[in-house]
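These notes are about the structure you will find just below.
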Amino acid sequence: MGQYFSNESLKSELRIIKVKILNNEYSFYTDNGVFSKSQIDFGTRTLIESLPLDVLRGNVLDVGCGYGVIDIILSKVTSANYEGIDVNKRALHLAEMNAKLNNCSNVTFYESNVYANVNKKYNFIITNPPIRAGKQIVYDIIMNARNYLEKDGVLYIVMRKEQGAKSAIRDLAEYYQVDVICRNKGFFVIKCILR
Ligand SMILES: C[S@@+](CC[C@H](N)C(=O)[O-])C[C@H]1O[C@@H](n2cnc3c(N)ncnc32)[C@H](O)[C@@H]1O
């Protein structure tokens with residue numbers, strides 16, 4: 001197992017973390033070099049816990065899926081199909097391992113730099129965007145989501161107030177009807193409906 005990703009320069013220290021959320025318990029493989037390797041991120045948890053699970057249906061895209069936490073958890077509590085994309089090969093490999101570990105059949109993962117390899121439209125796009133990658137990438141993800149959403153599609157974003165959520169909300173309003181559905185300890189969950 002230790003050598004599952006030999007072309008990554010960062011030493012592998014594969015481990016399993018346990019996550020209790022929405023009344024279920026999950027196990028996730030994590031490793032060095034992936035986002036939130038020791039525990040589920042607070043923003044991710046806030047996002048998952050504030051989503052209207054009863055309306056999630058059809059095809060859902062998670063942009064910047066990491067080791068697959070959002071897709072795997074939501075796939076267990078909704079009947080939608082989930083696809084996760086990321087640029088981090090190690091995270092994608094872990095995501096595939098995690099789908100098996102949690103017996104998920106309705107999740108798939110693939111490599112894509114933002115939407116470069118995305119060639120269909122989705123009913124929902126969900127993202128905890130990579131703030132560290134810079135504003136250009138974050139804006140590419142959230143502003144261009146509109147080109148990958150079905151006509152009645154919805155985008156959900158979690159973002160920290162201090163990491164630009166307020167200006168993002170203002171800028172998103174050019175293309176979407178924007179609503180903040182949850183505020184939790186500085187994290188905003190932003191719902192965007194195509195105009
Ligand atoms: C904040 S993390 C969220 C990870 C996971 N969804 C979660 O909630 O734990 C953002 C993810 O975006 C990925 N990412 C960074 N730049 C990207 C890009 N250009 N295209 C796609 N994903 C990217 C990172 O590798 C990282 O896994």
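Residue numbering restarts at 1 for every chain of the structure tokens, chains are lettered A, B, ... in their displayed order, and ligands are numbered from 1 as they appear.
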message: Around ligand 1, which protein and nucleic acid residues have at least one atom no more than 7 Å from it, if we count only C-alpha atoms and all ligand atoms? List them as a VMD selection string.
response: chain A and resid 34 to 36 40 to 41 44 62 to 70 85 to 88 91 112 to 114 127 to 131 133 137
- request: Might you pull out every residue within 9 Å of Ser27 of chain A, with only C-alpha atoms counted and same-chain residues fewer than 6 positions away left off, and present them as a VMD selection string?
  value: chain A and resid 16 to 20 98 101 to 102
query: Skipping near chain neighbours, those fewer than 2 positions away, what residues fall within 8 Å of segment 183-188 of chain A using only C-alpha atoms, listed as number ranges by chain?
result: A: 43, 46, 158-162, 165, 180-181, 190
Sorted by chain and rising residue number, which residues of segment 46-70 of chain A lie within 12 Å of segment 141-157 of chain A, and what are their closest atom pairs and distances in Å to one decimal, counting only C-alpha atoms, as CSV?
residue,atom,partner,partner_atom,distance
A:Thr46,CA,A:Ile157,CA,10.6
A:Leu47,CA,A:Ile157,CA,7.6
A:Ile48,CA,A:Tyr156,CA,10.0
A:Ser50,CA,A:Tyr156,CA,10.1
A:Leu51,CA,A:Tyr156,CA,8.2
A:Pro52,CA,A:Tyr156,CA,10.5
A:Val55,CA,A:Val154,CA,10.5
A:Leu56,CA,A:Val154,CA,9.7
A:Arg57,CA,A:Gly153,CA,10.6
A:Gly58,CA,A:Gly153,CA,10.3
A:Asn59,CA,A:Glu150,CA,9.7
A:Val60,CA,A:Leu149,CA,9.5
A:Leu61,CA,A:Tyr148,CA,9.1
A:Asp62,CA,A:Tyr156,CA,9.6
A:Val63,CA,A:Ile141,CA,7.3
A:Gly64,CA,A:Ile141,CA,9.0
A:Ile70,CA,A:Tyr156,CA,11.9
task: Determine the nearest neighbour of Asn103 of chain A from the options A:Tyr115, A:Arg90, A:Phe28, A:Leu53, counting only C-alpha atoms.
output: A:Phe28
Selected residue, from A:Ile73, A:Gly164, A:Asp179, A:Glu174, that lies nearest to Glu49 of chain A when counting only C-alpha atoms: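 Under the stated criterion, the closest residue is A:Ile73.
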- request: Give the helix (DSSP H, G or I) residues of chain A, as assigned by DSSP on the backbone, as a ChimeraX atom specification.
  value: /A:42-50,53-55,69-77,89-101,131-133,135-148,161-163,165-172
Selected residues written out with C-alpha atoms, as a PDB file, in the first residue's frame:
ATOM      1  CA  PHE A  42     -14.704  22.394   8.895  1.00  0.00           C
ATOM      2  CA  GLY A  43     -15.826  24.185   5.714  1.00  0.00           C
ATOM      3  CA  THR A  44     -16.485  20.851   3.996  1.00  0.00           C
ATOM      4  CA  ARG A  45     -18.519  19.648   6.976  1.00  0.00           C
ATOM      5  CA  THR A  46     -20.496  22.906   7.039  1.00  0.00           C
ATOM      6  CA  LEU A  47     -21.190  22.576   3.313  1.00  0.00           C
ATOM      7  CA  ILE A  48     -22.369  18.956   3.537  1.00  0.00           C
ATOM      8  CA  GLU A  49     -24.514  19.624   6.594  1.00  0.00           C
ATOM      9  CA  SER A  50     -26.246  22.616   5.015  1.00  0.00           C
ATOM     10  CA  LEU A  53     -30.286  16.535   0.546  1.00  0.00           C
ATOM     11  CA  ASP A  54     -33.833  15.937  -0.656  1.00  0.00           C
ATOM     12  CA  VAL A  55     -33.302  18.035  -3.786  1.00  0.00           C
ATOM     13  CA  VAL A  69     -15.180  13.143   0.958  1.00  0.00           C
ATOM     14  CA  ILE A  70     -18.099  15.237  -0.402  1.00  0.00           C
ATOM     15  CA  ASP A  71     -19.048  12.775  -3.152  1.00  0.00           C
ATOM     16  CA  ILE A  72     -18.779   9.681  -0.997  1.00  0.00           C
ATOM     17  CA  ILE A  73     -20.821  11.076   1.886  1.00  0.00           C
ATOM     18  CA  LEU A  74     -23.520  12.568  -0.355  1.00  0.00           C
ATOM     19  CA  SER A  75     -23.723   9.418  -2.472  1.00  0.00           C
ATOM     20  CA  LYS A  76     -24.737   7.490   0.642  1.00  0.00           C
ATOM     21  CA  VAL A  77     -27.611   9.793   1.531  1.00  0.00           C
ATOM     22  CA  LYS A  89      -3.275  12.601  -8.731  1.00  0.00           C
ATOM     23  CA  ARG A  90      -2.624  11.302  -5.260  1.00  0.00           C
ATOM     24  CA  ALA A  91      -5.949  12.724  -4.023  1.00  0.00           C
ATOM     25  CA  LEU A  92      -7.755  11.158  -6.988  1.00  0.00           C
ATOM     26  CA  HIS A  93      -6.187   7.789  -6.296  1.00  0.00           C
ATOM     27  CA  LEU A  94      -7.258   8.028  -2.650  1.00  0.00           C
ATOM     28  CA  ALA A  95     -10.759   9.036  -3.770  1.00  0.00           C
ATOM     29  CA  GLU A  96     -11.046   5.846  -5.817  1.00  0.00           C
ATOM     30  CA  MET A  97      -9.791   3.789  -2.876  1.00  0.00           C
ATOM     31  CA  ASN A  98     -12.297   5.582  -0.626  1.00  0.00           C
ATOM     32  CA  ALA A  99     -15.222   4.863  -2.959  1.00  0.00           C
ATOM     33  CA  LYS A 100     -14.380   1.141  -2.642  1.00  0.00           C
ATOM     34  CA  LEU A 101     -13.754   1.371   1.098  1.00  0.00           C
ATOM     35  CA  ILE A 131      -8.180  29.115  -2.112  1.00  0.00           C
ATOM     36  CA  ARG A 132      -4.437  28.427  -2.055  1.00  0.00           C
ATOM     37  CA  ALA A 133      -4.397  28.050  -5.836  1.00  0.00           C
ATOM     38  CA  LYS A 135      -8.180  33.925  -7.064  1.00  0.00           C
ATOM     39  CA  GLN A 136      -7.885  33.216 -10.791  1.00  0.00           C
ATOM     40  CA  ILE A 137      -8.428  29.459 -10.344  1.00  0.00           C
ATOM     41  CA  VAL A 138     -11.168  29.989  -7.749  1.00  0.00           C
ATOM     42  CA  TYR A 139     -12.980  32.411 -10.069  1.00  0.00           C
ATOM     43  CA  ASP A 140     -12.490  30.043 -13.021  1.00  0.00           C
ATOM     44  CA  ILE A 141     -14.245  27.343 -10.959  1.00  0.00           C
ATOM     45  CA  ILE A 142     -17.123  29.423  -9.628  1.00  0.00           C
ATOM     46  CA  MET A 143     -17.806  31.822 -12.528  1.00  0.00           C
ATOM     47  CA  ASN A 144     -17.453  29.220 -15.309  1.00  0.00           C
ATOM     48  CA  ALA A 145     -19.573  26.650 -13.493  1.00  0.00           C
ATOM     49  CA  ARG A 146     -22.444  28.282 -15.380  1.00  0.00           C
ATOM     50  CA  ASN A 147     -21.209  26.711 -18.624  1.00  0.00           C
ATOM     51  CA  TYR A 148     -21.427  23.209 -17.102  1.00  0.00           C
ATOM     52  CA  LYS A 161     -15.573  35.333   4.848  1.00  0.00           C
ATOM     53  CA  GLU A 162     -11.926  36.310   5.330  1.00  0.00           C
ATOM     54  CA  GLN A 163     -10.920  34.524   2.132  1.00  0.00           C
ATOM     55  CA  ALA A 165     -16.574  35.285   0.277  1.00  0.00           C
ATOM     56  CA  LYS A 166     -18.154  38.734   0.333  1.00  0.00           C
ATOM     57  CA  SER A 167     -16.548  39.959  -2.877  1.00  0.00           C
ATOM     58  CA  ALA A 168     -17.203  36.586  -4.531  1.00  0.00           C
ATOM     59  CA  ILE A 169     -20.903  36.905  -3.626  1.00  0.00           C
ATOM     60  CA  ARG A 170     -20.971  40.334  -5.246  1.00  0.00           C
ATOM     61  CA  ASP A 171     -19.182  39.117  -8.394  1.00  0.00           C
ATOM     62  CA  LEU A 172     -21.264  35.926  -8.688  1.00  0.00           C
TER      63      LEU A 172
END
task: List every residue of segment 16-185 of chain A that DSSP, applied to the backbone, labels as strand (DSSP E), and write the result as a ChimeraX atom specification.
output: /A:16-21,24-30,59-63,81-86,107-111,122-127,149-160,176-184
Those residues you just picked out, can you put them in a file as a PDB file, in the first residue's frame with C-alpha atoms?
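Written file, result18.pdb:
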ATOM      1  CA  ILE A  16      -7.373   5.956   7.672  1.00  0.00           C
ATOM      2  CA  ILE A  17      -9.456   8.657   9.341  1.00  0.00           C
ATOM      3  CA  LYS A  18     -12.979   8.166  10.695  1.00  0.00           C
ATOM      4  CA  VAL A  19     -15.689  10.733  10.062  1.00  0.00           C
ATOM      5  CA  LYS A  20     -19.086  10.889  11.739  1.00  0.00           C
ATOM      6  CA  ILE A  21     -21.529  13.065   9.856  1.00  0.00           C
ATOM      7  CA  ASN A  24     -23.392   7.866   9.566  1.00  0.00           C
ATOM      8  CA  GLU A  25     -19.776   6.874  10.067  1.00  0.00           C
ATOM      9  CA  TYR A  26     -17.270   6.794   7.198  1.00  0.00           C
ATOM     10  CA  SER A  27     -13.632   5.787   6.829  1.00  0.00           C
ATOM     11  CA  PHE A  28     -11.288   7.622   4.477  1.00  0.00           C
ATOM     12  CA  TYR A  29      -7.771   6.892   3.337  1.00  0.00           C
ATOM     13  CA  THR A  30      -5.726  10.083   3.458  1.00  0.00           C
ATOM     14  CA  ASN A  59     -25.669  14.342 -12.041  1.00  0.00           C
ATOM     15  CA  VAL A  60     -23.519  16.206  -9.552  1.00  0.00           C
ATOM     16  CA  LEU A  61     -19.978  17.484 -10.153  1.00  0.00           C
ATOM     17  CA  ASP A  62     -17.585  18.185  -7.260  1.00  0.00           C
ATOM     18  CA  VAL A  63     -14.830  20.523  -8.462  1.00  0.00           C
ATOM     19  CA  ASN A  81     -24.642  10.292  -9.416  1.00  0.00           C
ATOM     20  CA  TYR A  82     -21.458  11.978  -8.329  1.00  0.00           C
ATOM     21  CA  GLU A  83     -18.338  12.841 -10.320  1.00  0.00           C
ATOM     22  CA  GLY A  84     -15.311  14.410  -8.662  1.00  0.00           C
ATOM     23  CA  ILE A  85     -12.460  16.176 -10.464  1.00  0.00           C
ATOM     24  CA  ASP A  86      -9.094  17.348  -9.197  1.00  0.00           C
ATOM     25  CA  VAL A 107     -19.272   7.938  -7.670  1.00  0.00           C
ATOM     26  CA  THR A 108     -16.459   8.357 -10.203  1.00  0.00           C
ATOM     27  CA  PHE A 109     -13.352  10.494 -10.176  1.00  0.00           C
ATOM     28  CA  TYR A 110     -11.192  11.891 -12.948  1.00  0.00           C
ATOM     29  CA  GLU A 111      -8.355  14.304 -13.476  1.00  0.00           C
ATOM     30  CA  TYR A 122     -24.643  18.754 -14.492  1.00  0.00           C
ATOM     31  CA  ASN A 123     -27.723  19.352 -12.369  1.00  0.00           C
ATOM     32  CA  PHE A 124     -25.533  20.485  -9.487  1.00  0.00           C
ATOM     33  CA  ILE A 125     -21.954  21.638  -9.096  1.00  0.00           C
ATOM     34  CA  ILE A 126     -20.504  21.632  -5.592  1.00  0.00           C
ATOM     35  CA  THR A 127     -17.151  23.018  -4.567  1.00  0.00           C
ATOM     36  CA  LEU A 149     -24.820  23.512 -15.409  1.00  0.00           C
ATOM     37  CA  GLU A 150     -28.144  22.391 -16.867  1.00  0.00           C
ATOM     38  CA  LYS A 151     -30.677  25.206 -17.361  1.00  0.00           C
ATOM     39  CA  ASP A 152     -32.140  24.743 -13.877  1.00  0.00           C
ATOM     40  CA  GLY A 153     -28.760  23.832 -12.373  1.00  0.00           C
ATOM     41  CA  VAL A 154     -27.469  25.022  -9.021  1.00  0.00           C
ATOM     42  CA  LEU A 155     -23.944  25.734  -7.809  1.00  0.00           C
ATOM     43  CA  TYR A 156     -23.051  25.405  -4.118  1.00  0.00           C
ATOM     44  CA  ILE A 157     -19.827  26.906  -2.797  1.00  0.00           C
ATOM     45  CA  VAL A 158     -18.306  27.016   0.665  1.00  0.00           C
ATOM     46  CA  MET A 159     -15.973  29.909   1.305  1.00  0.00           C
ATOM     47  CA  ARG A 160     -14.553  31.738   4.274  1.00  0.00           C
ATOM     48  CA  TYR A 176     -26.383  33.897 -10.795  1.00  0.00           C
ATOM     49  CA  GLN A 177     -29.155  34.544  -8.328  1.00  0.00           C
ATOM     50  CA  VAL A 178     -27.104  34.306  -5.127  1.00  0.00           C
ATOM     51  CA  ASP A 179     -28.231  33.306  -1.658  1.00  0.00           C
ATOM     52  CA  VAL A 180     -26.174  32.549   1.457  1.00  0.00           C
ATOM     53  CA  ILE A 181     -27.841  29.454   2.919  1.00  0.00           C
ATOM     54  CA  CYS A 182     -25.548  29.013   5.930  1.00  0.00           C
ATOM     55  CA  ARG A 183     -23.151  31.138   7.955  1.00  0.00           C
ATOM     56  CA  ASN A 184     -21.049  29.154  10.421  1.00  0.00           C
TER      57      ASN A 184
END
